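Q: Quick one, my_file_39.cif (mmCIF, C-alpha atoms):
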data_query
#
loop_
_atom_site.label_atom_id
_atom_site.label_comp_id
_atom_site.auth_asym_id
_atom_site.auth_seq_id
_atom_site.Cartn_x
_atom_site.Cartn_y
_atom_site.Cartn_z
CA MET L 5 40.41 72.66 103.74
CA ALA L 6 40.79 76.16 102.40
CA ALA L 7 44.12 77.01 100.85
CA ASN L 8 46.00 80.04 102.10
CA PRO L 9 47.83 81.23 98.98
CA ALA L 10 49.16 84.30 100.70
CA GLY L 11 50.87 82.37 103.51
CA PRO L 12 51.01 83.42 107.17
CA SER L 13 52.83 86.67 106.47
CA GLY L 14 50.22 87.85 103.97
CA ALA L 15 52.84 88.11 101.17
CA PRO L 16 51.76 86.94 97.70
CA ARG L 17 53.02 83.52 96.68
CA ASP L 18 55.18 84.97 93.87
CA ALA L 19 56.52 87.91 95.86
CA PRO L 20 60.32 88.35 95.63
CA GLY L 21 62.05 86.73 98.57
CA ALA L 22 59.07 84.55 99.45
CA ALA L 23 61.03 81.36 98.85
CA GLY L 24 63.86 82.36 101.10
CA ALA L 25 61.55 83.57 103.85
CA GLY L 26 59.49 80.38 103.65
CA PHE L 27 62.52 78.17 103.83
CA ASP L 28 63.69 79.97 106.97
CA MET L 29 60.31 79.16 108.53
CA LEU L 30 60.39 75.43 107.70
CA ASP L 31 60.53 74.15 111.26
CA ASP L 32 59.96 70.69 112.72
CA VAL L 33 56.18 71.26 113.14
CA SER L 34 55.72 72.18 109.47
CA ALA L 35 57.86 69.23 108.40
CA ALA L 36 55.84 66.83 110.59
CA ALA L 37 52.58 68.22 109.22
CA TYR L 38 53.86 67.71 105.68
CA GLY L 39 54.83 64.12 106.44
CA HIS L 40 51.36 63.38 107.85
CA ALA L 41 49.71 65.01 104.79
CA ALA L 42 51.88 62.91 102.49
CA ALA L 43 50.76 59.75 104.30
CA ALA L 44 47.11 60.76 104.23
CA GLY L 45 47.14 62.12 100.67
CA ARG L 46 45.72 65.49 101.76
CA PHE L 47 46.19 68.22 104.36
CA ASP L 48 43.45 67.58 106.94
CA ARG L 49 43.69 70.36 109.54
CA ALA L 50 41.63 68.58 112.20
CA ASP L 51 43.39 65.27 111.78
CA ILE L 52 46.85 66.88 111.86
CA ALA L 53 45.93 68.89 114.97
CA ASP L 54 44.72 65.72 116.69
CA VAL L 55 47.64 63.47 115.69
CA LEU L 56 50.40 66.04 116.29
CA GLY L 57 48.76 67.71 119.29
CA LEU L 58 48.74 71.15 117.67
CA SER L 59 46.53 74.14 118.21
CA PRO L 60 44.48 75.51 115.31
CA ASP L 61 46.86 78.48 115.03
CA GLU L 62 49.88 76.17 114.85
CA VAL L 63 48.22 74.10 112.13
CA GLY L 64 47.40 77.29 110.22
CA THR L 65 50.99 78.46 110.44
CA ALA L 66 52.28 75.10 109.15
CA GLU L 67 49.77 75.23 106.29
CA GLY L 68 50.97 78.71 105.31
CA VAL L 69 54.64 77.65 105.34
CA LEU L 70 53.98 74.54 103.24
CA THR L 71 51.83 76.50 100.79
CA ARG L 72 54.49 79.16 100.27
CA LEU L 73 57.05 76.43 99.65
CA ARG L 74 54.75 74.89 97.00
CA LEU L 75 54.57 71.68 99.08
CA LEU L 76 50.75 71.98 99.19
CA ARG L 77 48.43 72.87 96.34
CA PRO L 78 44.68 72.83 95.73
CA ALA L 79 43.32 69.49 94.56
CA ALA L 80 42.06 69.29 90.99
CA GLY L 81 38.31 69.94 90.95
CA ASP L 82 38.25 70.79 94.67
CA PRO L 83 40.26 73.98 95.33
CA ARG L 84 39.28 73.95 99.01
CA THR L 85 41.27 70.74 99.60
CA LEU L 86 45.09 70.89 99.77
CA VAL L 87 47.14 67.91 98.65
CA PRO L 88 50.92 67.35 99.17
CA VAL L 89 53.35 67.91 96.31
CA GLY L 90 56.65 66.07 95.93
CA PRO L 91 59.72 68.09 97.05
CA ASP L 92 61.32 67.88 93.59
CA ALA L 93 58.23 69.27 91.90
CA ALA L 94 57.88 71.95 94.59
CA ALA L 95 61.51 72.98 94.12
CA ALA L 96 61.09 73.19 90.36
CA ASP L 97 58.00 75.33 90.79
CA LEU L 98 59.59 77.56 93.42
CA VAL L 99 63.02 78.25 91.86
CA GLY L 100 62.52 77.31 88.21
CA THR L 101 62.12 80.90 87.06
CA THR L 102 65.22 81.99 88.99
CA GLU L 103 67.28 79.11 87.59
CA ARG L 104 66.21 80.05 84.06
CA GLN L 105 67.23 83.66 84.65
CA ILE L 106 70.61 82.54 85.99
CA ARG L 107 71.21 80.38 82.90
CA GLU L 108 70.29 83.28 80.65
CA LEU L 109 72.70 85.56 82.50
CA GLN L 110 75.48 82.95 82.29
CA ASP L 111 74.88 82.59 78.56
CA ALA L 112 75.02 86.37 78.18
CA VAL L 113 78.28 86.59 80.14
CA THR L 114 79.83 83.80 78.06
CA ASP L 115 78.76 85.53 74.86
CA VAL L 116 80.20 88.90 75.91
CA ARG L 117 83.48 87.34 77.05
CA GLY L 118 83.81 85.39 73.81
CA ARG L 119 83.19 88.47 71.68
CA LEU L 120 85.74 90.54 73.59
CA LEU L 121 88.39 87.82 73.69
CA SER L 122 88.10 87.45 69.92
CA LEU L 123 89.82 90.85 69.77
CA THR L 124 92.91 89.58 71.66
CA PRO L 125 95.02 88.82 68.53
CA ALA L 126 94.25 92.27 67.12
CA TYR L 127 95.21 93.90 70.42
CA PHE L 128 98.57 92.17 70.72
CA GLU L 129 99.40 92.72 67.06
CA GLY L 130 98.55 96.39 67.47
CA ARG L 131 100.65 96.59 70.60
CA ARG L 132 103.56 94.92 68.82
CA LEU L 133 103.38 97.46 66.00
CA ARG L 134 103.04 100.29 68.48
CA ASN L 135 106.06 99.08 70.44
CA ARG L 136 108.16 99.20 67.31
CA HIS L 137 107.43 102.92 67.13
CA GLU L 138 107.68 103.42 70.89
CA ALA L 139 110.93 101.53 71.42
CA PHE L 140 112.08 103.70 74.35
CA ASP L 141 110.40 105.56 77.18
CA LEU L 142 112.24 107.94 79.52
CA LEU L 143 110.62 108.09 82.96
CA GLU L 144 111.75 110.95 85.16
CA ASP L 145 109.11 110.92 87.90
CA GLY L 146 109.58 108.53 90.80
CA ASP L 147 105.87 107.69 91.09
CA THR L 148 105.68 106.98 87.37
CA VAL L 149 108.74 104.73 87.60
CA GLN L 150 107.13 102.72 90.39
CA SER L 151 103.80 102.54 88.57
CA VAL L 152 105.47 101.19 85.42
CA LEU L 153 107.40 98.61 87.44
CA ASN L 154 104.22 97.44 89.16
CA GLY L 155 102.45 97.13 85.81
CA LEU L 156 105.30 95.21 84.19
CA SER L 157 105.42 92.78 87.12
CA ALA L 158 101.65 92.24 87.08
CA ARG L 159 101.64 91.53 83.32
CA CYS L 160 104.76 89.32 83.26
CA ARG L 161 103.71 85.97 81.75
CA SER L 162 106.68 83.63 81.43
CA GLU L 163 110.10 84.93 82.57
CA PHE L 164 111.63 87.65 84.72
CA LEU L 165 115.40 88.32 84.75
CA ALA L 166 117.08 90.77 87.11
CA VAL L 167 120.55 92.12 87.80
CA GLN L 168 120.65 93.70 91.25
CA PRO L 169 123.96 95.44 92.04
CA GLY L 170 124.81 97.19 95.27
CA GLY L 171 125.00 94.46 97.90
CA ALA L 172 122.35 94.22 100.63
CA ARG L 173 119.01 95.95 100.08
CA PRO L 174 116.79 97.53 102.76
CA PRO L 175 114.47 95.07 104.56
CA SER L 176 111.40 97.14 103.61
CA VAL L 177 112.33 96.88 99.92
CA LEU L 178 112.92 93.15 100.26
CA GLY L 179 109.48 92.77 101.83
CA ARG L 180 107.77 94.31 98.80
CA ALA L 181 110.08 92.38 96.49
CA ARG L 182 109.09 89.11 98.21
CA THR L 183 105.40 89.82 97.62
CA SER L 184 106.00 90.65 93.95
CA ALA L 185 108.24 87.62 93.33
CA LEU L 186 105.91 85.12 95.02
CA ALA L 187 102.95 86.44 93.03
CA MET L 188 104.83 85.95 89.74
CA LEU L 189 106.06 82.50 90.75
CA GLU L 190 102.50 81.47 91.62
CA ARG L 191 101.48 82.43 88.05
CA GLY L 192 104.19 80.15 86.66
CA VAL L 193 106.72 82.89 85.82
CA ARG L 194 110.36 81.76 85.88
CA ILE L 195 112.53 84.12 87.96
CA ARG L 196 116.32 84.40 87.79
CA SER L 197 118.08 87.13 89.77
CA LEU L 198 121.75 88.04 89.96
CA TYR L 199 123.24 89.76 93.02
CA GLN L 200 126.75 90.64 94.12
CA HIS L 201 128.68 88.32 96.44
CA THR L 202 128.54 90.85 99.27
CA ALA L 203 124.75 90.42 99.50
CA ARG L 204 125.33 86.94 100.93
CA GLY L 205 126.36 88.37 104.29
CA ASP L 206 123.07 90.20 104.87
CA LEU L 207 120.51 88.39 107.05
CA ALA L 208 117.47 90.03 105.44
CA THR L 209 118.73 89.16 101.96
CA ARG L 210 119.35 85.53 102.94
CA ALA L 211 115.82 85.29 104.35
CA TYR L 212 114.39 86.74 101.13
CA VAL L 213 116.42 84.34 98.99
CA ARG L 214 115.36 81.40 101.16
CA ASP L 215 111.68 82.24 100.65
CA VAL L 216 111.73 82.86 96.89
CA THR L 217 114.02 79.93 96.04
CA ALA L 218 111.73 77.63 98.01
CA ALA L 219 108.94 78.83 95.67
CA GLY L 220 111.04 78.14 92.56
CA ALA L 221 113.17 81.24 91.93
CA GLU L 222 116.85 80.92 90.98
CA ILE L 223 119.37 83.29 92.60
CA ARG L 224 123.10 83.61 91.85
CA THR L 225 125.85 86.03 92.84
CA ALA L 226 129.00 87.40 91.21
CA ASP L 227 131.81 89.64 92.45
CA ARG L 228 130.86 92.46 90.08
CA VAL L 229 127.82 93.00 87.88
CA ILE L 230 126.59 95.64 85.48
CA GLU L 231 124.02 98.33 86.19
CA ARG L 232 120.56 97.37 87.41
CA ILE L 233 118.44 95.82 84.68
CA LEU L 234 115.03 94.12 84.88
CA ILE L 235 113.85 92.06 81.90
CA TYR L 236 110.21 91.02 81.45
CA ASP L 237 109.29 88.17 79.09
CA ARG L 238 112.35 89.04 76.94
CA GLU L 239 110.21 91.84 75.49
CA THR L 240 110.65 94.81 77.83
CA VAL L 241 113.74 95.94 79.74
CA PHE L 242 113.84 98.41 82.61
CA ILE L 243 117.17 100.24 83.07
CA ALA L 244 117.93 102.77 85.81
CA ASP L 245 119.08 106.12 84.36
CA ARG L 246 121.99 107.46 86.46
CA ARG L 247 122.57 110.63 84.45
CA LYS L 248 120.43 112.66 86.83
CA ALA L 249 120.85 112.76 90.58
CA VAL L 250 117.24 112.02 91.54
CA ARG L 251 115.88 109.47 94.00
CA PRO L 252 114.37 107.18 93.11
CA PRO L 253 116.41 107.48 89.93
CA ALA L 254 115.00 108.10 86.51
CA ALA L 255 114.58 105.07 84.28
CA ILE L 256 114.54 104.00 80.65
CA VAL L 257 112.09 101.39 79.39
CA VAL L 258 113.42 99.58 76.32
CA ARG L 259 111.23 97.63 73.89
CA GLU L 260 113.36 97.65 70.73
CA PRO L 261 113.73 93.92 69.89
CA ALA L 262 117.40 93.93 68.86
CA LEU L 263 118.51 95.83 71.96
CA VAL L 264 116.32 93.69 74.22
CA ALA L 265 117.89 90.55 72.73
CA PHE L 266 121.38 92.00 73.32
CA LEU L 267 120.62 92.77 76.97
CA CYS L 268 119.24 89.26 77.41
CA SER L 269 122.50 87.82 76.06
CA VAL L 270 124.45 90.04 78.47
CA PHE L 271 122.39 88.66 81.33
CA GLU L 272 123.01 85.07 80.22
CA HIS L 273 126.77 85.76 80.03
CA LEU L 274 126.76 87.08 83.60
CA TRP L 275 124.51 84.25 84.77
CA ASP L 276 126.79 81.55 83.38
CA GLY L 277 129.76 82.94 85.33
CA ALA L 278 127.89 83.43 88.61
CA THR L 279 127.60 81.16 91.66
CA SER L 280 124.35 79.74 93.07
CA PHE L 281 123.14 81.52 96.19
CA VAL L 282 122.27 78.89 98.81
CA PRO L 283 121.21 81.04 101.78
CA ASP L 284 122.06 78.51 104.51
CA ALA L 285 125.46 77.53 103.10
CA PRO L 286 128.66 79.35 104.18
CA PRO L 287 130.59 81.22 101.45
CA GLY L 288 132.95 78.88 99.65
CA PRO L 289 136.62 79.48 98.78
CA SER L 290 135.70 80.41 95.21
CA LEU L 291 133.72 83.44 96.42
CA THR L 292 136.65 84.64 98.51
CA ASP L 293 138.99 84.19 95.55
CA ASP L 294 136.64 86.17 93.30
CA LEU L 295 136.61 89.07 95.74
CA LYS L 296 140.38 88.98 96.09
CA ARG L 297 140.92 89.06 92.34
CA SER L 298 138.43 91.91 91.94
CA ILE L 299 140.09 93.98 94.65
CA LEU L 300 143.54 93.33 93.22
CA ARG L 301 142.48 94.27 89.69
CA LEU L 302 140.98 97.53 90.88
CA MET L 303 144.06 98.24 93.01
CA ALA L 304 146.29 97.59 89.99
CA GLN L 305 144.18 100.04 87.99
CA GLY L 306 144.93 102.73 90.58
CA HIS L 307 141.47 103.08 92.10
CA LYS L 308 141.06 104.49 95.60
CA ASP L 309 139.60 102.52 98.47
CA GLU L 310 136.26 104.34 98.23
CA THR L 311 135.89 103.51 94.53
CA ILE L 312 136.81 99.86 95.07
CA ALA L 313 134.31 99.56 97.92
CA ARG L 314 131.54 101.14 95.86
CA ARG L 315 132.12 98.91 92.84
CA LEU L 316 132.18 95.75 94.96
CA ALA L 317 129.18 96.85 97.09
CA MET L 318 130.97 96.73 100.43
CA SER L 319 131.77 99.25 103.11
CA VAL L 320 135.03 101.21 102.90
CA ARG L 321 136.07 99.73 106.24
CA THR L 322 135.57 96.16 104.99
CA CYS L 323 137.36 96.99 101.76
CA ARG L 324 140.40 98.36 103.60
CA ARG L 325 140.52 95.26 105.79
CA HIS L 326 140.64 93.07 102.64
CA ILE L 327 143.33 95.27 101.12
CA SER L 328 145.41 95.02 104.28
CA GLN L 329 145.11 91.22 104.28
CA LEU L 330 146.01 91.00 100.59
CA THR L 331 149.01 93.24 101.00
CA GLU L 332 150.23 91.04 103.85
CA GLU L 333 149.59 87.79 101.94
CA LEU L 334 151.50 89.11 98.91
CA ALA L 335 154.43 90.30 101.04
CA ALA L 336 154.05 93.78 99.59
CA ASP L 337 155.08 97.11 101.10
CA SER L 338 152.70 99.18 98.95
CA ARG L 339 149.50 98.92 96.96
CA PHE L 340 151.45 99.09 93.72
CA GLN L 341 153.75 96.26 94.79
CA ALA L 342 150.72 94.18 95.85
CA GLY L 343 149.25 94.60 92.37
CA TYR L 344 152.53 93.72 90.74
CA ASN L 345 153.08 90.64 92.91
CA ALA L 346 149.51 89.52 92.20
CA ALA L 347 150.03 89.85 88.44
CA MET L 348 153.31 87.92 88.58
CA SER L 349 151.72 85.16 90.64
CA GLY L 350 148.87 84.70 88.13
CA LEU L 351 146.10 85.85 90.46
CA LEU L 352 144.85 88.31 87.82
CA ASP L 353 144.80 85.89 84.88
CA ASP L 354 141.02 85.31 84.84
CA ASN L 355 138.97 87.61 82.62
CA PRO L 356 137.31 90.19 84.84
CA ALA L 357 133.61 90.81 84.81
CA GLN L 358 132.41 94.15 83.60
CA ASP L 359 132.99 97.01 86.02
CA GLY L 360 130.32 99.44 86.99
CA ASP L 361 129.70 102.23 89.45
CA HIS L 362 126.78 100.74 91.38
CA ARG L 363 124.44 102.45 93.77
CA ASP L 364 121.57 101.01 95.72
CA ASP L 365 118.02 102.20 95.00
CA SER L 366 114.60 101.49 96.43
CA HIS L 367 112.77 99.73 93.59
CA PRO L 368 110.82 96.87 95.22
CA LEU L 369 111.54 94.29 92.54
CA PRO L 370 113.04 90.81 93.12
#
Written as structure tokens, that's how I'd like the structure from this file.
A:
Amino acid sequence: MAANPAGPSGAPRDAPGAAGAGFDMLDDVSAAAYGHAAAAGRFDRADIADVLGLSPDEVGTAEGVLTRLRLLRPAAGDPRTLVPVGPDAAAADLVGTTERQIRELQDAVTDVRGRLLSLTPAYFEGRRLRNRHEAFDLLEDGDTVQSVLNGLSARCRSEFLAVQPGGARPPSVLGRARTSALAMLERGVRIRSLYQHTARGDLATRAYVRDVTAAGAEIRTADRVIERILIYDRETVFIADRRKAVRPPAAIVVREPALVAFLCSVFEHLWDGATSFVPDAPPGPSLTDDLKRSILRLMAQGHKDETIARRLAMSVRTCRRHISQLTEELAADSRFQAGYNAAMSGLLDDNPAQDGDHRDDSHPLP
């Protein structure tokens, strides 16, 4: 039988895509013809047409498919006779060149990656030296602030610490914060965040805390905390800059090692005195006592209701309700007398946490 090296489509045997096209055409008729040729030791068109009940055109089509798939080849010494080839040998013949090219490309990729990664120590050493000279960055543009925060979160490798004053945060901010926190936790980053007690009463905050703690984050609350700080890998600290009335506020990025270490120790001090935030548990007596002591201290210092509410991240109305209850509990006729009675009763004996004038902002960080 004459071989048809071009196949039924007329494409050369080595044309690009011939293998894929031929495989798509490997139907039951071609497979049956191949099986009969394998049993007979050669591709006999007349015999196959008779046994399989095929027309000459159908036999020709099957021959073309099998030839393109390298399953038939001319017999040695008799190129007009086609003999079957084993599937493994046909596959090696058909895709061997492609497999070799793939291996060469993989070797090239591995070589390039290895050469570039060999520069990693030099890069980090250079960055460390550069950071010593660029210990502080002042960011005054809101878009730049957000871009830096996104970059710091994406590059965080081992630990993220956060102090988040101001009570409840907007649900939209918490949504972005959830995405950022879960991405870091999935990379194995340890997350510890510190909120104020008043955040416990917010439904959106409790839902956020429930999600991130289930993924491994640790959340605690305190009656009062310092200004917002975000610490990445104990190497870089983000601090909101409140000196200018812009929104989102300006920020300072700190890389100076001694100052970063100090801010880390401040965080640990606050963390040790805070209470675990279990979103589905009701506030315990200790939280109520903390708030009472904080309100009484600020009252004794002569602060107005608005200032007390702002520092404790609660509404003025809620603050005044607490003050009214405290005044009644202490049998006092005035704010001054309430402070005095509280001091005499020992309610103000505990060391207060650091005060701060806290405002909420819209940075989407956990």
Q: So how far away is CA of Asn154 in chain L from CA of Leu207 in chain L, in Å?
A: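 Between CA of Leu207 in chain L and CA of Asn154 in chain L the gap works out to 25.8 Å.
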Q: Convert the output of the PyMOL selection byres ((chain L and resi 265-276) around 8) on the shown file into explicit residues, formatted as a compact mmCIF listing (two decimals) with C-alpha atoms, in the coordinates of the input.
A:
# COMPACT_ATOMS: atom_id res chain seq x y z
CA LEU L 165 115.40 88.32 84.75
CA VAL L 167 120.55 92.12 87.80
CA LEU L 198 121.75 88.04 89.96
CA ARG L 224 123.10 83.61 91.85
CA ALA L 226 129.00 87.40 91.21
CA VAL L 229 127.82 93.00 87.88
CA ILE L 235 113.85 92.06 81.90
CA ARG L 238 112.35 89.04 76.94
CA PRO L 261 113.73 93.92 69.89
CA ALA L 262 117.40 93.93 68.86
CA LEU L 263 118.51 95.83 71.96
CA VAL L 264 116.32 93.69 74.22
CA GLY L 277 129.76 82.94 85.33
CA ALA L 278 127.89 83.43 88.61
CA ALA L 357 133.61 90.81 84.81
Q: Step by step: start from the point (52.3, 71.8, 98.9) in the file's coordinates, keep every protein, DNA or RNA residue that has an atom no farther than 8 Å from it, count only C-alpha atoms, and write the set as a PyMOL selection string.
A: chain L and resi 70-77+86-90+94
Q: Mind giving me the straight-line distance from CA of Arg161 in chain L to CA of Leu189 in chain L in Å, one decimal?
A: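 Computing it gives 9.9 Å between the two atoms.
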Q: To test your reading of the syntax: which residues would the PyMOL selection byres ((chain L and resi 299) around 10) return for the file shown? Reply as an mmCIF file with C-alpha atoms, keeping the file's coordinate frame.
A:
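expr.cif written:
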data_model
loop_
_atom_site.group_PDB
_atom_site.id
_atom_site.type_symbol
_atom_site.label_atom_id
_atom_site.label_comp_id
_atom_site.auth_asym_id
_atom_site.auth_seq_id
_atom_site.Cartn_x
_atom_site.Cartn_y
_atom_site.Cartn_z
ATOM 1 C CA ASP L 227 131.810 89.640 92.450
ATOM 2 C CA ASP L 293 138.990 84.190 95.550
ATOM 3 C CA ASP L 294 136.640 86.170 93.300
ATOM 4 C CA LEU L 295 136.610 89.070 95.740
ATOM 5 C CA LYS L 296 140.380 88.980 96.090
ATOM 6 C CA ARG L 297 140.920 89.060 92.340
ATOM 7 C CA SER L 298 138.430 91.910 91.940
ATOM 8 C CA LEU L 300 143.540 93.330 93.220
ATOM 9 C CA ARG L 301 142.480 94.270 89.690
ATOM 10 C CA LEU L 302 140.980 97.530 90.880
ATOM 11 C CA MET L 303 144.060 98.240 93.010
ATOM 12 C CA ALA L 304 146.290 97.590 89.990
ATOM 13 C CA GLN L 305 144.180 100.040 87.990
ATOM 14 C CA HIS L 307 141.470 103.080 92.100
ATOM 15 C CA ASP L 309 139.600 102.520 98.470
ATOM 16 C CA ILE L 312 136.810 99.860 95.070
ATOM 17 C CA ALA L 313 134.310 99.560 97.920
ATOM 18 C CA ARG L 315 132.120 98.910 92.840
ATOM 19 C CA LEU L 316 132.180 95.750 94.960
ATOM 20 C CA CYS L 323 137.360 96.990 101.760
ATOM 21 C CA ARG L 324 140.400 98.360 103.600
ATOM 22 C CA HIS L 326 140.640 93.070 102.640
ATOM 23 C CA ILE L 327 143.330 95.270 101.120
ATOM 24 C CA LEU L 330 146.010 91.000 100.590
ATOM 25 C CA GLY L 343 149.250 94.600 92.370
#
Q: Please, which residues are within 12 Å of (112.2, 81.7, 99.6) by the file's coordinates, counting only C-alpha atoms, and could they come as a compact mmCIF listing (two decimals) with C-alpha atoms, keeping the file's coordinate frame?
A:
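Output below, filename selection-v3.txt:
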# COMPACT_ATOMS: atom_id res chain seq x y z
CA LEU L 178 112.92 93.15 100.26
CA GLY L 179 109.48 92.77 101.83
CA ALA L 181 110.08 92.38 96.49
CA ARG L 182 109.09 89.11 98.21
CA THR L 183 105.40 89.82 97.62
CA ALA L 185 108.24 87.62 93.33
CA LEU L 186 105.91 85.12 95.02
CA LEU L 189 106.06 82.50 90.75
CA ILE L 195 112.53 84.12 87.96
CA ALA L 208 117.47 90.03 105.44
CA THR L 209 118.73 89.16 101.96
CA ARG L 210 119.35 85.53 102.94
CA ALA L 211 115.82 85.29 104.35
CA TYR L 212 114.39 86.74 101.13
CA VAL L 213 116.42 84.34 98.99
CA ARG L 214 115.36 81.40 101.16
CA ASP L 215 111.68 82.24 100.65
CA VAL L 216 111.73 82.86 96.89
CA THR L 217 114.02 79.93 96.04
CA ALA L 218 111.73 77.63 98.01
CA ALA L 219 108.94 78.83 95.67
CA GLY L 220 111.04 78.14 92.56
CA ALA L 221 113.17 81.24 91.93
CA GLU L 222 116.85 80.92 90.98
CA ILE L 223 119.37 83.29 92.60
CA PHE L 281 123.14 81.52 96.19
CA VAL L 282 122.27 78.89 98.81
CA PRO L 283 121.21 81.04 101.78
CA ASP L 284 122.06 78.51 104.51
CA PRO L 370 113.04 90.81 93.12
Q: Could you tell me how far CA of Thr85 in chain L sits from CA of Asp97 in chain L, in Å to one decimal place?
A: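 Those two atoms sit 19.5 Å apart.
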Q: Padding 6 Å on each side, edges along x, y and z: where is the centre of the box around the listed atoms of range 202-207 of chain L, and how long are its edges in Å to one decimal? Output it as JSON.
A:
{"center_x": 124.5, "center_y": 88.9, "center_z": 103.2, "size_x": 20.0, "size_y": 15.9, "size_z": 19.8}
Q: What's around Thr202 in chain L at 10 Å? Count all atoms listed in the file, leave out sequence neighbours fewer than 5 positions away in its own chain, and write the answer as a PDB file with C-alpha atoms, in the frame of the given file.
A:
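Saved as selection_8.pdb:
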ATOM      1  CA  PRO L 169     123.960  95.440  92.040  1.00  0.00           C
ATOM      2  CA  GLY L 170     124.810  97.190  95.270  1.00  0.00           C
ATOM      3  CA  GLY L 171     125.000  94.460  97.900  1.00  0.00           C
ATOM      4  CA  ALA L 172     122.350  94.220 100.630  1.00  0.00           C
ATOM      5  CA  THR L 225     125.850  86.030  92.840  1.00  0.00           C
ATOM      6  CA  ALA L 226     129.000  87.400  91.210  1.00  0.00           C
ATOM      7  CA  ASP L 227     131.810  89.640  92.450  1.00  0.00           C
ATOM      8  CA  ARG L 228     130.860  92.460  90.080  1.00  0.00           C
ATOM      9  CA  LEU L 291     133.720  83.440  96.420  1.00  0.00           C
ATOM     10  CA  LEU L 295     136.610  89.070  95.740  1.00  0.00           C
ATOM     11  CA  LEU L 316     132.180  95.750  94.960  1.00  0.00           C
ATOM     12  CA  ALA L 317     129.180  96.850  97.090  1.00  0.00           C
ATOM     13  CA  MET L 318     130.970  96.730 100.430  1.00  0.00           C
ATOM     14  CA  SER L 319     131.770  99.250 103.110  1.00  0.00           C
TER      15      SER L 319
END
Q: Determine the nearest neighbour of Arg232 in chain L from the options L:Gln200, L:Ser59, L:Gln168, L:Ser184, counting all atoms listed in the file.
A: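 Among L:Gln200, L:Ser59, L:Gln168, L:Ser184, it is L:Gln168 that comes nearest to Arg232 in chain L.
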Q: Since the input lacks atoms, please generate N, CA and C atoms for range 89-101 of chain L and provide them as a CSV table (one decimal), in the coordinates of the input.
A:
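The resulting part_27.csv:
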chain,number,residue,atom,x,y,z
L,89,VAL,N,52.6,67.9,97.6
L,89,VAL,CA,53.4,67.9,96.3
L,89,VAL,C,54.7,67.4,96.6
L,90,GLY,N,55.3,66.6,95.7
L,90,GLY,CA,56.6,66.1,95.9
L,90,GLY,C,57.7,67.2,96.0
L,91,PRO,N,58.7,67.0,96.9
L,91,PRO,CA,59.7,68.1,97.0
L,91,PRO,C,60.4,68.5,95.8
L,92,ASP,N,60.7,67.5,94.8
L,92,ASP,CA,61.3,67.9,93.6
L,92,ASP,C,60.4,68.8,92.7
L,93,ALA,N,59.1,68.4,92.7
L,93,ALA,CA,58.2,69.3,91.9
L,93,ALA,C,58.0,70.6,92.6
L,94,ALA,N,58.0,70.7,93.9
L,94,ALA,CA,57.9,72.0,94.6
L,94,ALA,C,59.1,72.8,94.3
L,95,ALA,N,60.3,72.2,94.4
L,95,ALA,CA,61.5,73.0,94.1
L,95,ALA,C,61.5,73.5,92.7
L,96,ALA,N,61.1,72.7,91.7
L,96,ALA,CA,61.1,73.2,90.4
L,96,ALA,C,60.1,74.4,90.2
L,97,ASP,N,59.0,74.3,90.9
L,97,ASP,CA,58.0,75.3,90.8
L,97,ASP,C,58.5,76.6,91.5
L,98,LEU,N,59.2,76.4,92.6
L,98,LEU,CA,59.6,77.6,93.4
L,98,LEU,C,60.8,78.3,92.8
L,99,VAL,N,61.8,77.6,92.3
L,99,VAL,CA,63.0,78.2,91.9
L,99,VAL,C,63.2,78.1,90.4
L,100,GLY,N,62.3,77.5,89.6
L,100,GLY,CA,62.5,77.3,88.2
L,100,GLY,C,62.8,78.6,87.5
L,101,THR,N,62.0,79.6,87.8
L,101,THR,CA,62.1,80.9,87.1
L,101,THR,C,63.5,81.5,87.3
